[in-house]
file target-v7.cif (mmCIF, C-alpha atoms)
data_run
#
loop_
_atom_site.label_atom_id
_atom_site.label_comp_id
_atom_site.auth_asym_id
_atom_site.auth_seq_id
_atom_site.Cartn_x
_atom_site.Cartn_y
_atom_site.Cartn_z
CA MET F 1 3.58 29.85 -1.79
CA THR F 2 0.60 27.50 -2.00
CA ALA F 3 -2.28 28.91 -4.00
CA ILE F 4 -5.70 29.32 -2.37
CA ARG F 5 -8.00 26.73 -3.94
CA VAL F 6 -11.35 28.35 -4.76
CA LEU F 7 -14.61 26.63 -5.69
CA LEU F 8 -17.23 28.81 -7.42
CA ALA F 9 -20.93 28.07 -6.86
CA ASP F 10 -23.45 30.14 -8.83
CA ASP F 11 -26.26 29.12 -11.17
CA GLN F 12 -25.42 31.83 -13.71
CA THR F 13 -22.75 30.76 -16.19
CA LEU F 14 -21.64 34.31 -16.99
CA VAL F 15 -21.29 35.18 -13.31
CA ARG F 16 -19.15 32.11 -12.70
CA ALA F 17 -17.01 32.95 -15.71
CA ALA F 18 -16.44 36.50 -14.50
CA PHE F 19 -15.48 35.35 -11.01
CA ALA F 20 -13.23 32.65 -12.46
CA MET F 21 -11.32 35.21 -14.52
CA LEU F 22 -10.92 37.44 -11.49
CA VAL F 23 -9.73 34.68 -9.18
CA GLU F 24 -7.30 33.29 -11.77
CA SER F 25 -5.86 36.79 -12.22
CA ALA F 26 -4.51 36.64 -8.65
CA ARG F 27 -1.12 34.95 -8.31
CA ASP F 28 -2.04 33.39 -4.99
CA MET F 29 -5.35 31.80 -6.09
CA GLU F 30 -6.68 29.18 -8.46
CA VAL F 31 -10.16 27.98 -9.40
CA VAL F 32 -10.48 24.24 -8.75
CA GLY F 33 -14.14 23.80 -9.65
CA GLN F 34 -17.40 25.42 -10.70
CA ALA F 35 -20.88 24.40 -9.55
CA ALA F 36 -24.26 25.47 -10.94
CA THR F 37 -26.32 24.07 -8.05
CA GLY F 38 -25.94 23.67 -4.32
CA ARG F 39 -25.77 19.91 -4.65
CA GLU F 40 -22.93 20.21 -7.14
CA ALA F 41 -21.15 22.57 -4.74
CA VAL F 42 -21.29 20.01 -1.94
CA ALA F 43 -20.04 17.23 -4.20
CA LEU F 44 -17.20 19.35 -5.60
CA ALA F 45 -16.19 20.54 -2.13
CA ARG F 46 -15.59 16.89 -1.28
CA THR F 47 -13.69 16.01 -4.44
CA THR F 48 -11.64 19.16 -5.12
CA ARG F 49 -10.58 19.82 -1.51
CA ALA F 50 -11.09 23.53 -2.05
CA ASP F 51 -9.90 25.94 0.63
CA LEU F 52 -12.85 28.26 0.06
CA VAL F 53 -16.26 28.10 -1.58
CA LEU F 54 -17.64 31.30 -3.07
CA MET F 55 -21.32 30.45 -2.57
CA ASP F 56 -24.36 32.10 -4.11
CA ILE F 57 -27.46 31.89 -1.90
CA ARG F 58 -30.10 31.41 -4.57
CA MET F 59 -29.46 28.28 -6.64
CA PRO F 60 -31.67 25.50 -7.97
CA ASP F 61 -31.83 21.93 -6.66
CA LEU F 62 -30.24 22.87 -3.33
CA ASP F 63 -29.82 26.48 -2.27
CA GLY F 64 -26.61 27.98 -0.95
CA ILE F 65 -27.76 27.90 2.66
CA GLU F 66 -28.42 24.16 2.67
CA ALA F 67 -25.23 23.54 0.72
CA THR F 68 -23.33 25.56 3.31
CA ARG F 69 -24.93 23.57 6.13
CA LEU F 70 -23.95 20.25 4.55
CA ILE F 71 -20.36 21.33 3.97
CA ALA F 72 -20.00 22.77 7.48
CA ALA F 73 -21.42 19.59 9.03
CA ASP F 74 -19.00 17.30 7.17
CA GLU F 75 -16.02 16.57 9.42
CA ASP F 76 -13.91 15.71 6.39
CA LEU F 77 -14.44 19.27 5.14
CA ALA F 78 -13.61 21.01 8.41
CA GLY F 79 -10.98 23.19 6.74
CA VAL F 80 -13.24 24.46 3.98
CA ARG F 81 -14.36 28.08 4.41
CA ILE F 82 -17.50 29.49 2.82
CA LEU F 83 -17.95 33.05 1.62
CA VAL F 84 -21.57 33.78 0.72
CA LEU F 85 -22.53 36.02 -2.17
CA THR F 86 -25.80 37.90 -2.19
CA THR F 87 -27.44 40.51 -4.39
CA TYR F 88 -28.35 42.79 -1.47
CA ASP F 89 -26.66 43.35 1.89
CA THR F 90 -30.12 43.37 3.53
CA ASP F 91 -30.90 39.80 2.51
CA GLU F 92 -32.10 38.11 5.71
CA ASN F 93 -31.02 34.76 4.29
CA VAL F 94 -27.44 35.84 4.96
CA VAL F 95 -28.03 35.30 8.68
CA ASP F 96 -29.26 31.77 7.98
CA ALA F 97 -26.11 31.21 5.96
CA LEU F 98 -23.94 32.43 8.84
CA ARG F 99 -25.83 30.15 11.19
CA ALA F 100 -25.28 27.30 8.76
CA GLY F 101 -21.52 27.80 8.88
CA ALA F 102 -20.55 30.54 6.42
CA SER F 103 -17.63 32.72 7.45
CA GLY F 104 -19.01 35.93 6.00
CA PHE F 105 -20.76 37.50 3.05
CA LEU F 106 -20.28 39.91 0.19
CA VAL F 107 -22.66 41.64 -2.17
CA LYS F 108 -22.13 40.69 -5.82
CA ASP F 109 -21.24 44.22 -6.89
CA THR F 110 -18.22 44.32 -4.58
CA ARG F 111 -15.13 45.75 -6.26
CA PRO F 112 -12.74 43.10 -7.65
CA ALA F 113 -9.89 43.96 -5.30
CA GLU F 114 -12.23 43.73 -2.29
CA LEU F 115 -13.45 40.31 -3.37
CA LEU F 116 -9.91 38.99 -3.64
CA ASP F 117 -9.02 40.46 -0.24
CA ALA F 118 -12.16 38.86 1.21
CA ILE F 119 -11.12 35.45 -0.10
CA ARG F 120 -7.71 35.86 1.53
CA THR F 121 -9.25 37.06 4.80
CA VAL F 122 -11.70 34.20 5.13
CA THR F 123 -9.18 31.55 4.05
CA ALA F 124 -6.82 32.81 6.75
CA GLY F 125 -9.46 31.97 9.34
CA GLU F 126 -10.90 35.41 9.90
CA ALA F 127 -14.60 36.16 9.53
CA LEU F 128 -15.62 38.81 7.07
CA LEU F 129 -17.65 40.75 9.63
CA SER F 130 -17.42 44.51 9.60
CA PRO F 131 -18.94 46.68 12.35
CA GLY F 132 -21.33 48.06 9.70
CA PRO F 133 -23.56 46.05 7.37
CA THR F 134 -22.99 42.58 8.81
CA SER F 135 -23.56 43.53 12.43
CA ARG F 136 -26.66 45.54 11.55
CA LEU F 137 -27.95 42.66 9.50
CA ILE F 138 -27.47 40.19 12.34
CA ALA F 139 -29.02 42.58 14.85
CA ARG F 140 -32.08 42.98 12.67
CA PHE F 141 -32.77 39.41 11.65
CA LEU F 142 -31.26 37.17 14.32
CA ARG F 143 -34.12 35.10 15.72
CA GLY F 144 -34.90 31.53 16.64
CA PRO F 145 -32.66 28.70 17.89
CA ALA F 146 -29.03 29.42 18.54
CA THR F 147 -26.23 28.18 16.35
CA PRO F 148 -25.37 24.66 17.54
CA THR F 149 -22.56 24.96 20.04
CA THR F 150 -21.43 23.11 23.13
CA GLY F 151 -22.07 26.02 25.45
CA GLY F 152 -22.81 29.71 25.81
CA PRO F 153 -20.97 32.77 27.15
CA GLU F 154 -21.74 31.65 30.71
CA CYS F 155 -18.92 29.10 30.37
CA LEU F 156 -16.41 31.85 29.63
CA SER F 157 -14.25 33.86 32.01
CA GLU F 158 -14.85 37.58 32.38
CA ARG F 159 -11.86 38.32 30.16
CA GLU F 160 -13.09 35.88 27.51
CA ARG F 161 -16.54 37.46 27.54
CA GLY F 162 -14.90 40.82 26.93
CA VAL F 163 -12.93 39.42 24.02
CA LEU F 164 -16.07 37.81 22.57
CA ALA F 165 -17.96 41.10 22.77
CA LEU F 166 -15.23 42.85 20.78
CA VAL F 167 -15.08 40.07 18.19
CA ALA F 168 -18.86 40.37 17.80
CA ARG F 169 -18.42 44.06 17.01
CA GLY F 170 -16.17 43.16 14.09
CA LEU F 171 -12.71 43.72 15.63
CA ASN F 172 -9.82 41.56 14.42
CA ASN F 173 -7.18 40.12 16.75
CA THR F 174 -4.91 43.15 16.51
CA GLU F 175 -7.78 45.52 17.30
CA VAL F 176 -8.93 43.34 20.20
CA ALA F 177 -5.40 43.38 21.56
CA GLU F 178 -5.20 47.18 21.36
CA ALA F 179 -8.59 47.62 23.01
CA LEU F 180 -7.71 45.40 25.96
CA GLY F 181 -4.01 46.19 26.30
CA LEU F 182 -2.92 42.71 25.25
CA SER F 183 -0.39 41.36 22.79
CA PRO F 184 -1.83 40.20 19.44
CA LEU F 185 -0.70 36.65 20.26
CA THR F 186 -2.56 36.71 23.59
CA ALA F 187 -5.68 38.02 21.88
CA LYS F 188 -5.44 35.26 19.27
CA THR F 189 -5.06 32.67 22.03
CA HIS F 190 -8.15 34.01 23.81
CA VAL F 191 -10.19 33.83 20.59
CA SER F 192 -9.03 30.27 19.90
CA ARG F 193 -9.89 29.22 23.45
CA ILE F 194 -13.33 30.81 23.21
CA MET F 195 -14.02 29.00 19.95
CA GLY F 196 -13.02 25.74 21.62
CA LYS F 197 -15.25 26.30 24.64
CA LEU F 198 -18.25 27.25 22.51
CA GLY F 199 -17.65 24.60 19.86
CA ALA F 200 -17.66 27.36 17.23
CA ARG F 201 -16.39 26.68 13.73
CA ASP F 202 -15.04 30.20 13.25
CA ARG F 203 -15.44 33.85 14.26
CA ALA F 204 -18.70 34.20 12.37
CA GLN F 205 -20.33 31.71 14.71
CA LEU F 206 -18.89 33.60 17.68
CA VAL F 207 -20.80 36.67 16.49
CA ILE F 208 -24.01 34.67 16.24
CA VAL F 209 -23.54 33.30 19.78
CA ALA F 210 -22.85 36.78 21.16
CA TYR F 211 -26.09 38.15 19.73
CA GLU F 212 -28.29 35.17 20.52
CA SER F 213 -27.08 35.00 24.12
CA GLY F 214 -27.72 38.69 24.71
CA LEU F 215 -24.04 39.46 25.32
CA ILE F 216 -24.35 41.99 22.50
CA VAL F 217 -27.59 43.96 22.34
CA PRO F 218 -28.81 45.06 18.90
CA GLY F 219 -28.17 48.74 18.34
CA THR F 220 -25.09 48.91 20.57
CA THR F 221 -22.48 48.07 17.94
#
call {"tool": "encode", "arguments": {"input": "target-v7.cif", "output": "structure tokens"}}
result
Amino acid sequence: MTAIRVLLADDQTLVRAAFAMLVESARDMEVVGQAATGREAVALARTTRADLVLMDIRMPDLDGIEATRLIAADEDLAGVRILVLTTYDTDENVVDALRAGASGFLVKDTRPAELLDAIRTVTAGEALLSPGPTSRLIARFLRGPATPTTGGPECLSERERGVLALVARGLNNTEVAEALGLSPLTAKTHVSRIMGKLGARDRAQLVIVAYESGLIVPGTT
């Protein structure tokens, strides 16, 4: 089994050390680099070919949001996933990070086992978007220009719009399949097709599109 290659980006040395010990304790993960600034994170993402960047939002030189944007915009780093770390789950900057290309977020006091599971989830291509904190956060702070995509929900079929609405509420492929009476494979195919039509990097961007287009109304999740 190939180990998940993790890059740690945080300006606090002790925090990085703690996360490094945790990640290295998992048999299916390895730390391939540590960055103290956003600019270092971008450079190391390019040289280490990490599968996932554990990205702190507040860093000197270049913050985690801008670092996320640069990584997400680099075609050579298309396979790199970004999991944002924040001190509070009400940090409005998290939405900017999701817009920039992050696949989800965690608060720093998350339990160790949950952090490791989150790394696995995001690396597997899923967004770390629960129906609770993340959806409420997006509903509260989502404003301004939409995430850059090639289209909106109007280009989707009725079935695809239904799938997108469920994804935006935090359902995974299996749950979408159960809700619509589909096979998990069919649900996965629908999600992949929707991402292609909307030019979305991952499921996190699908959530942003659903809210910004009005397909999902804040307070209905």
call {"tool": "atom_distance", "arguments": {"input": "target-v7.cif", "atom1": "atom CA of F:Gln205", "atom2": "atom CA of F:Val53"}}
result
17.2 Å
call {"tool": "closest_residue", "arguments": {"input": "target-v7.cif", "among": "F:Leu156, F:Ala204, F:Ala50, F:Ala78", "to": "F:His190", "atoms": "all atoms listed in the file"}}
result
F:Leu156
call {"tool": "resolve_selection", "arguments": {"input": "target-v7.cif", "expression": "the PyMOL selection byres ((chain F and resi 101) around 12)", "output": "MDAnalysis selection string"}}
result
chainID F and resid 53 55 64:74 77:84 94:100 102:105 127 147:149 200:208
call {"tool": "atom_distance", "arguments": {"input": "target-v7.cif", "atom1": "atom CA of F:Arg161", "atom2": "atom CA of F:Tyr211"}}
result
12.4 Å
call {"tool": "axis_aligned_box", "arguments": {"input": "target-v7.cif", "around": "stretch 30-36 of chain F", "padding_each_side": "8 Å", "output": "lines of an AutoDock Vina configuration file"}}
result
center_x = -15.5
center_y = 26.5
center_z = -9.7
size_x = 33.6
size_y = 21.4
size_z = 18.5
call {"tool": "closest_residue", "arguments": {"input": "target-v7.cif", "among": "F:Arg159, F:Arg120, F:Arg5, F:Arg39", "to": "F:Ile194", "atoms": "all atoms listed in the file"}}
result
F:Arg159
call {"tool": "atom_distance", "arguments": {"input": "target-v7.cif", "atom1": "atom CA of F:Val191", "atom2": "atom CA of F:Val167"}}
result
8.3 Å
call {"tool": "closest_residue", "arguments": {"input": "target-v7.cif", "among": "F:Ala177, F:Ala124, F:Ile119, F:Leu7", "to": "F:Thr47", "atoms": "only C-alpha atoms"}}
result
F:Leu7
call {"tool": "closest_residue", "arguments": {"input": "target-v7.cif", "among": "F:Ala179, F:Ala9, F:Phe19, F:Ile57", "to": "F:Ala36", "atoms": "only C-alpha atoms"}}
result
F:Ala9
call {"tool": "residues_near_point", "arguments": {"input": "target-v7.cif", "point": "(-16.5, 22.9, -14.5)", "cutoff": "10 Å", "atoms": "all atoms listed in the file", "output": "list in words"}}
result
Leu7, Leu8, Arg16, Val31, Val32, Gly33, Gln34, Ala35, Ala36 and Leu44 of chain F
call {"tool": "resolve_selection", "arguments": {"input": "target-v7.cif", "expression": "the PyMOL selection byres ((chain F and resi 197) around 8)", "output": "CSV table (one decimal) with C-alpha atoms, keeping the file's coordinate frame"}}
result
chain,number,residue,atom,x,y,z
F,150,THR,CA,-21.4,23.1,23.1
F,151,GLY,CA,-22.1,26.0,25.4
F,155,CYS,CA,-18.9,29.1,30.4
F,156,LEU,CA,-16.4,31.8,29.6
F,193,ARG,CA,-9.9,29.2,23.4
F,194,ILE,CA,-13.3,30.8,23.2
F,195,MET,CA,-14.0,29.0,20.0
F,196,GLY,CA,-13.0,25.7,21.6
F,198,LEU,CA,-18.2,27.2,22.5
F,199,GLY,CA,-17.6,24.6,19.9
F,200,ALA,CA,-17.7,27.4,17.2
call {"tool": "residues_around", "arguments": {"input": "target-v7.cif", "residues": "F:Asp28", "least_positions_apart": "3", "cutoff": "12 Å", "atoms": "all atoms listed in the file", "output": "MDAnalysis selection string"}}
result
chainID F and resid 1:6 22:25 31 116:117 119:120 123
call {"tool": "resolve_selection", "arguments": {"input": "target-v7.cif", "expression": "the PyMOL selection byres ((chain F and resi 38) around 7)", "output": "list of chain:residue names"}}
result
F:Thr37, F:Arg39, F:Glu40, F:Ala41, F:Val42, F:Met59, F:Asp61, F:Leu62, F:Asp63, F:Gly64, F:Ala67
call {"tool": "closest_residue", "arguments": {"input": "target-v7.cif", "among": "F:Asp76, F:Glu154, F:Asp56, F:Glu178", "to": "F:Leu166", "atoms": "all atoms listed in the file"}}
result
F:Glu178
call {"tool": "closest_residue", "arguments": {"input": "target-v7.cif", "among": "F:Pro153, F:Pro184, F:Gly170, F:Pro60", "to": "F:Asp11", "atoms": "only C-alpha atoms"}}
result
F:Pro60
call {"tool": "decode", "arguments": {"input": "target-v7.cif", "residues": "stretch 32-48 of chain F", "atoms": "all heavy atoms", "output": "PDB file, in the first residue's frame"}}
result
ATOM      1  N   VAL F  32       6.319  14.412   4.217  1.00  0.00           N
ATOM      2  CA  VAL F  32       7.338  14.614   3.187  1.00  0.00           C
ATOM      3  C   VAL F  32       7.910  16.022   3.205  1.00  0.00           C
ATOM      4  O   VAL F  32       8.816  16.341   2.435  1.00  0.00           O
ATOM      5  CB  VAL F  32       6.780  14.302   1.783  1.00  0.00           C
ATOM      6  CG1 VAL F  32       6.413  12.834   1.675  1.00  0.00           C
ATOM      7  CG2 VAL F  32       5.569  15.184   1.460  1.00  0.00           C
ATOM      8  N   GLY F  33       7.382  16.884   4.084  1.00  0.00           N
ATOM      9  CA  GLY F  33       7.906  18.234   4.166  1.00  0.00           C
ATOM     10  C   GLY F  33       7.189  19.049   5.214  1.00  0.00           C
ATOM     11  O   GLY F  33       6.062  18.729   5.604  1.00  0.00           O
ATOM     12  N   GLN F  34       7.866  20.103   5.694  1.00  0.00           N
ATOM     13  CA  GLN F  34       7.280  21.014   6.659  1.00  0.00           C
ATOM     14  C   GLN F  34       7.574  22.446   6.238  1.00  0.00           C
ATOM     15  O   GLN F  34       8.711  22.769   5.908  1.00  0.00           O
ATOM     16  CB  GLN F  34       7.825  20.764   8.062  1.00  0.00           C
ATOM     17  CG  GLN F  34       7.497  19.381   8.611  1.00  0.00           C
ATOM     18  CD  GLN F  34       7.896  19.235  10.067  1.00  0.00           C
ATOM     19  OE1 GLN F  34       7.786  20.169  10.854  1.00  0.00           O
ATOM     20  NE2 GLN F  34       8.355  18.044  10.443  1.00  0.00           N
ATOM     21  N   ALA F  35       6.554  23.298   6.248  1.00  0.00           N
ATOM     22  CA  ALA F  35       6.693  24.689   5.831  1.00  0.00           C
ATOM     23  C   ALA F  35       6.256  25.610   6.952  1.00  0.00           C
ATOM     24  O   ALA F  35       5.258  25.350   7.630  1.00  0.00           O
ATOM     25  CB  ALA F  35       5.849  24.952   4.576  1.00  0.00           C
ATOM     26  N   ALA F  36       7.004  26.708   7.135  1.00  0.00           N
ATOM     27  CA  ALA F  36       6.679  27.682   8.173  1.00  0.00           C
ATOM     28  C   ALA F  36       5.946  28.891   7.618  1.00  0.00           C
ATOM     29  O   ALA F  36       5.431  29.711   8.373  1.00  0.00           O
ATOM     30  CB  ALA F  36       7.950  28.139   8.888  1.00  0.00           C
ATOM     31  N   THR F  37       5.892  29.020   6.297  1.00  0.00           N
ATOM     32  CA  THR F  37       5.187  30.128   5.654  1.00  0.00           C
ATOM     33  C   THR F  37       4.393  29.601   4.474  1.00  0.00           C
ATOM     34  O   THR F  37       4.641  28.494   3.975  1.00  0.00           O
ATOM     35  CB  THR F  37       6.165  31.205   5.137  1.00  0.00           C
ATOM     36  OG1 THR F  37       6.881  30.688   3.998  1.00  0.00           O
ATOM     37  CG2 THR F  37       7.152  31.621   6.217  1.00  0.00           C
ATOM     38  N   GLY F  38       3.453  30.414   3.996  1.00  0.00           N
ATOM     39  CA  GLY F  38       2.678  30.016   2.834  1.00  0.00           C
ATOM     40  C   GLY F  38       3.540  29.858   1.598  1.00  0.00           C
ATOM     41  O   GLY F  38       3.331  28.952   0.782  1.00  0.00           O
ATOM     42  N   ARG F  39       4.524  30.722   1.451  1.00  0.00           N
ATOM     43  CA  ARG F  39       5.396  30.650   0.276  1.00  0.00           C
ATOM     44  C   ARG F  39       6.212  29.354   0.281  1.00  0.00           C
ATOM     45  O   ARG F  39       6.412  28.725  -0.757  1.00  0.00           O
ATOM     46  CB  ARG F  39       6.317  31.866   0.227  1.00  0.00           C
ATOM     47  CG  ARG F  39       6.778  32.227  -1.179  1.00  0.00           C
ATOM     48  CD  ARG F  39       7.457  33.581  -1.213  1.00  0.00           C
ATOM     49  NE  ARG F  39       6.580  34.665  -0.788  1.00  0.00           N
ATOM     50  CZ  ARG F  39       5.653  35.229  -1.565  1.00  0.00           C
ATOM     51  NH1 ARG F  39       5.474  34.774  -2.801  1.00  0.00           N
ATOM     52  NH2 ARG F  39       4.916  36.225  -1.110  1.00  0.00           N
ATOM     53  N   GLU F  40       6.665  28.964   1.477  1.00  0.00           N
ATOM     54  CA  GLU F  40       7.383  27.696   1.585  1.00  0.00           C
ATOM     55  C   GLU F  40       6.458  26.520   1.248  1.00  0.00           C
ATOM     56  O   GLU F  40       6.885  25.542   0.631  1.00  0.00           O
ATOM     57  CB  GLU F  40       7.936  27.523   3.003  1.00  0.00           C
ATOM     58  CG  GLU F  40       9.126  28.398   3.322  1.00  0.00           C
ATOM     59  CD  GLU F  40       9.651  28.132   4.731  1.00  0.00           C
ATOM     60  OE1 GLU F  40       9.163  27.184   5.391  1.00  0.00           O
ATOM     61  OE2 GLU F  40      10.539  28.869   5.174  1.00  0.00           O
ATOM     62  N   ALA F  41       5.209  26.631   1.661  1.00  0.00           N
ATOM     63  CA  ALA F  41       4.246  25.563   1.389  1.00  0.00           C
ATOM     64  C   ALA F  41       4.058  25.364  -0.107  1.00  0.00           C
ATOM     65  O   ALA F  41       4.009  24.232  -0.600  1.00  0.00           O
ATOM     66  CB  ALA F  41       2.913  25.881   2.056  1.00  0.00           C
ATOM     67  N   VAL F  42       3.954  26.464  -0.837  1.00  0.00           N
ATOM     68  CA  VAL F  42       3.785  26.374  -2.291  1.00  0.00           C
ATOM     69  C   VAL F  42       5.012  25.737  -2.929  1.00  0.00           C
ATOM     70  O   VAL F  42       4.909  24.843  -3.775  1.00  0.00           O
ATOM     71  CB  VAL F  42       3.531  27.768  -2.900  1.00  0.00           C
ATOM     72  CG1 VAL F  42       3.482  27.681  -4.418  1.00  0.00           C
ATOM     73  CG2 VAL F  42       2.224  28.353  -2.362  1.00  0.00           C
ATOM     74  N   ALA F  43       6.186  26.189  -2.503  1.00  0.00           N
ATOM     75  CA  ALA F  43       7.427  25.656  -3.070  1.00  0.00           C
ATOM     76  C   ALA F  43       7.579  24.166  -2.773  1.00  0.00           C
ATOM     77  O   ALA F  43       7.946  23.370  -3.659  1.00  0.00           O
ATOM     78  CB  ALA F  43       8.622  26.433  -2.518  1.00  0.00           C
ATOM     79  N   LEU F  44       7.277  23.770  -1.533  1.00  0.00           N
ATOM     80  CA  LEU F  44       7.413  22.369  -1.155  1.00  0.00           C
ATOM     81  C   LEU F  44       6.352  21.486  -1.809  1.00  0.00           C
ATOM     82  O   LEU F  44       6.604  20.314  -2.096  1.00  0.00           O
ATOM     83  CB  LEU F  44       7.353  22.224   0.365  1.00  0.00           C
ATOM     84  CG  LEU F  44       8.611  22.679   1.113  1.00  0.00           C
ATOM     85  CD1 LEU F  44       8.387  22.641   2.621  1.00  0.00           C
ATOM     86  CD2 LEU F  44       9.795  21.794   0.736  1.00  0.00           C
ATOM     87  N   ALA F  45       5.178  22.051  -2.051  1.00  0.00           N
ATOM     88  CA  ALA F  45       4.142  21.282  -2.755  1.00  0.00           C
ATOM     89  C   ALA F  45       4.643  20.900  -4.149  1.00  0.00           C
ATOM     90  O   ALA F  45       4.346  19.815  -4.654  1.00  0.00           O
ATOM     91  CB  ALA F  45       2.857  22.093  -2.857  1.00  0.00           C
ATOM     92  N   ARG F  46       5.414  21.776  -4.740  1.00  0.00           N
ATOM     93  CA  ARG F  46       5.938  21.526  -6.089  1.00  0.00           C
ATOM     94  C   ARG F  46       7.102  20.547  -6.090  1.00  0.00           C
ATOM     95  O   ARG F  46       7.274  19.793  -7.041  1.00  0.00           O
ATOM     96  CB  ARG F  46       6.365  22.850  -6.720  1.00  0.00           C
ATOM     97  CG  ARG F  46       5.188  23.771  -7.053  1.00  0.00           C
ATOM     98  CD  ARG F  46       5.641  25.161  -7.454  1.00  0.00           C
ATOM     99  NE  ARG F  46       4.497  25.991  -7.860  1.00  0.00           N
ATOM    100  CZ  ARG F  46       4.488  27.311  -7.821  1.00  0.00           C
ATOM    101  NH1 ARG F  46       5.560  27.975  -7.387  1.00  0.00           N
ATOM    102  NH2 ARG F  46       3.416  27.979  -8.215  1.00  0.00           N
ATOM    103  N   THR F  47       7.911  20.568  -5.029  1.00  0.00           N
ATOM    104  CA  THR F  47       9.101  19.718  -5.022  1.00  0.00           C
ATOM    105  C   THR F  47       8.887  18.359  -4.366  1.00  0.00           C
ATOM    106  O   THR F  47       9.536  17.379  -4.744  1.00  0.00           O
ATOM    107  CB  THR F  47      10.270  20.428  -4.296  1.00  0.00           C
ATOM    108  OG1 THR F  47       9.874  20.762  -2.964  1.00  0.00           O
ATOM    109  CG2 THR F  47      10.646  21.705  -5.032  1.00  0.00           C
ATOM    110  N   THR F  48       7.985  18.280  -3.395  1.00  0.00           N
ATOM    111  CA  THR F  48       7.781  17.013  -2.677  1.00  0.00           C
ATOM    112  C   THR F  48       6.725  16.130  -3.328  1.00  0.00           C
ATOM    113  O   THR F  48       6.653  14.938  -3.052  1.00  0.00           O
ATOM    114  CB  THR F  48       7.356  17.260  -1.222  1.00  0.00           C
ATOM    115  OG1 THR F  48       6.080  17.928  -1.207  1.00  0.00           O
ATOM    116  CG2 THR F  48       8.380  18.105  -0.488  1.00  0.00           C
TER     117      THR F  48
END
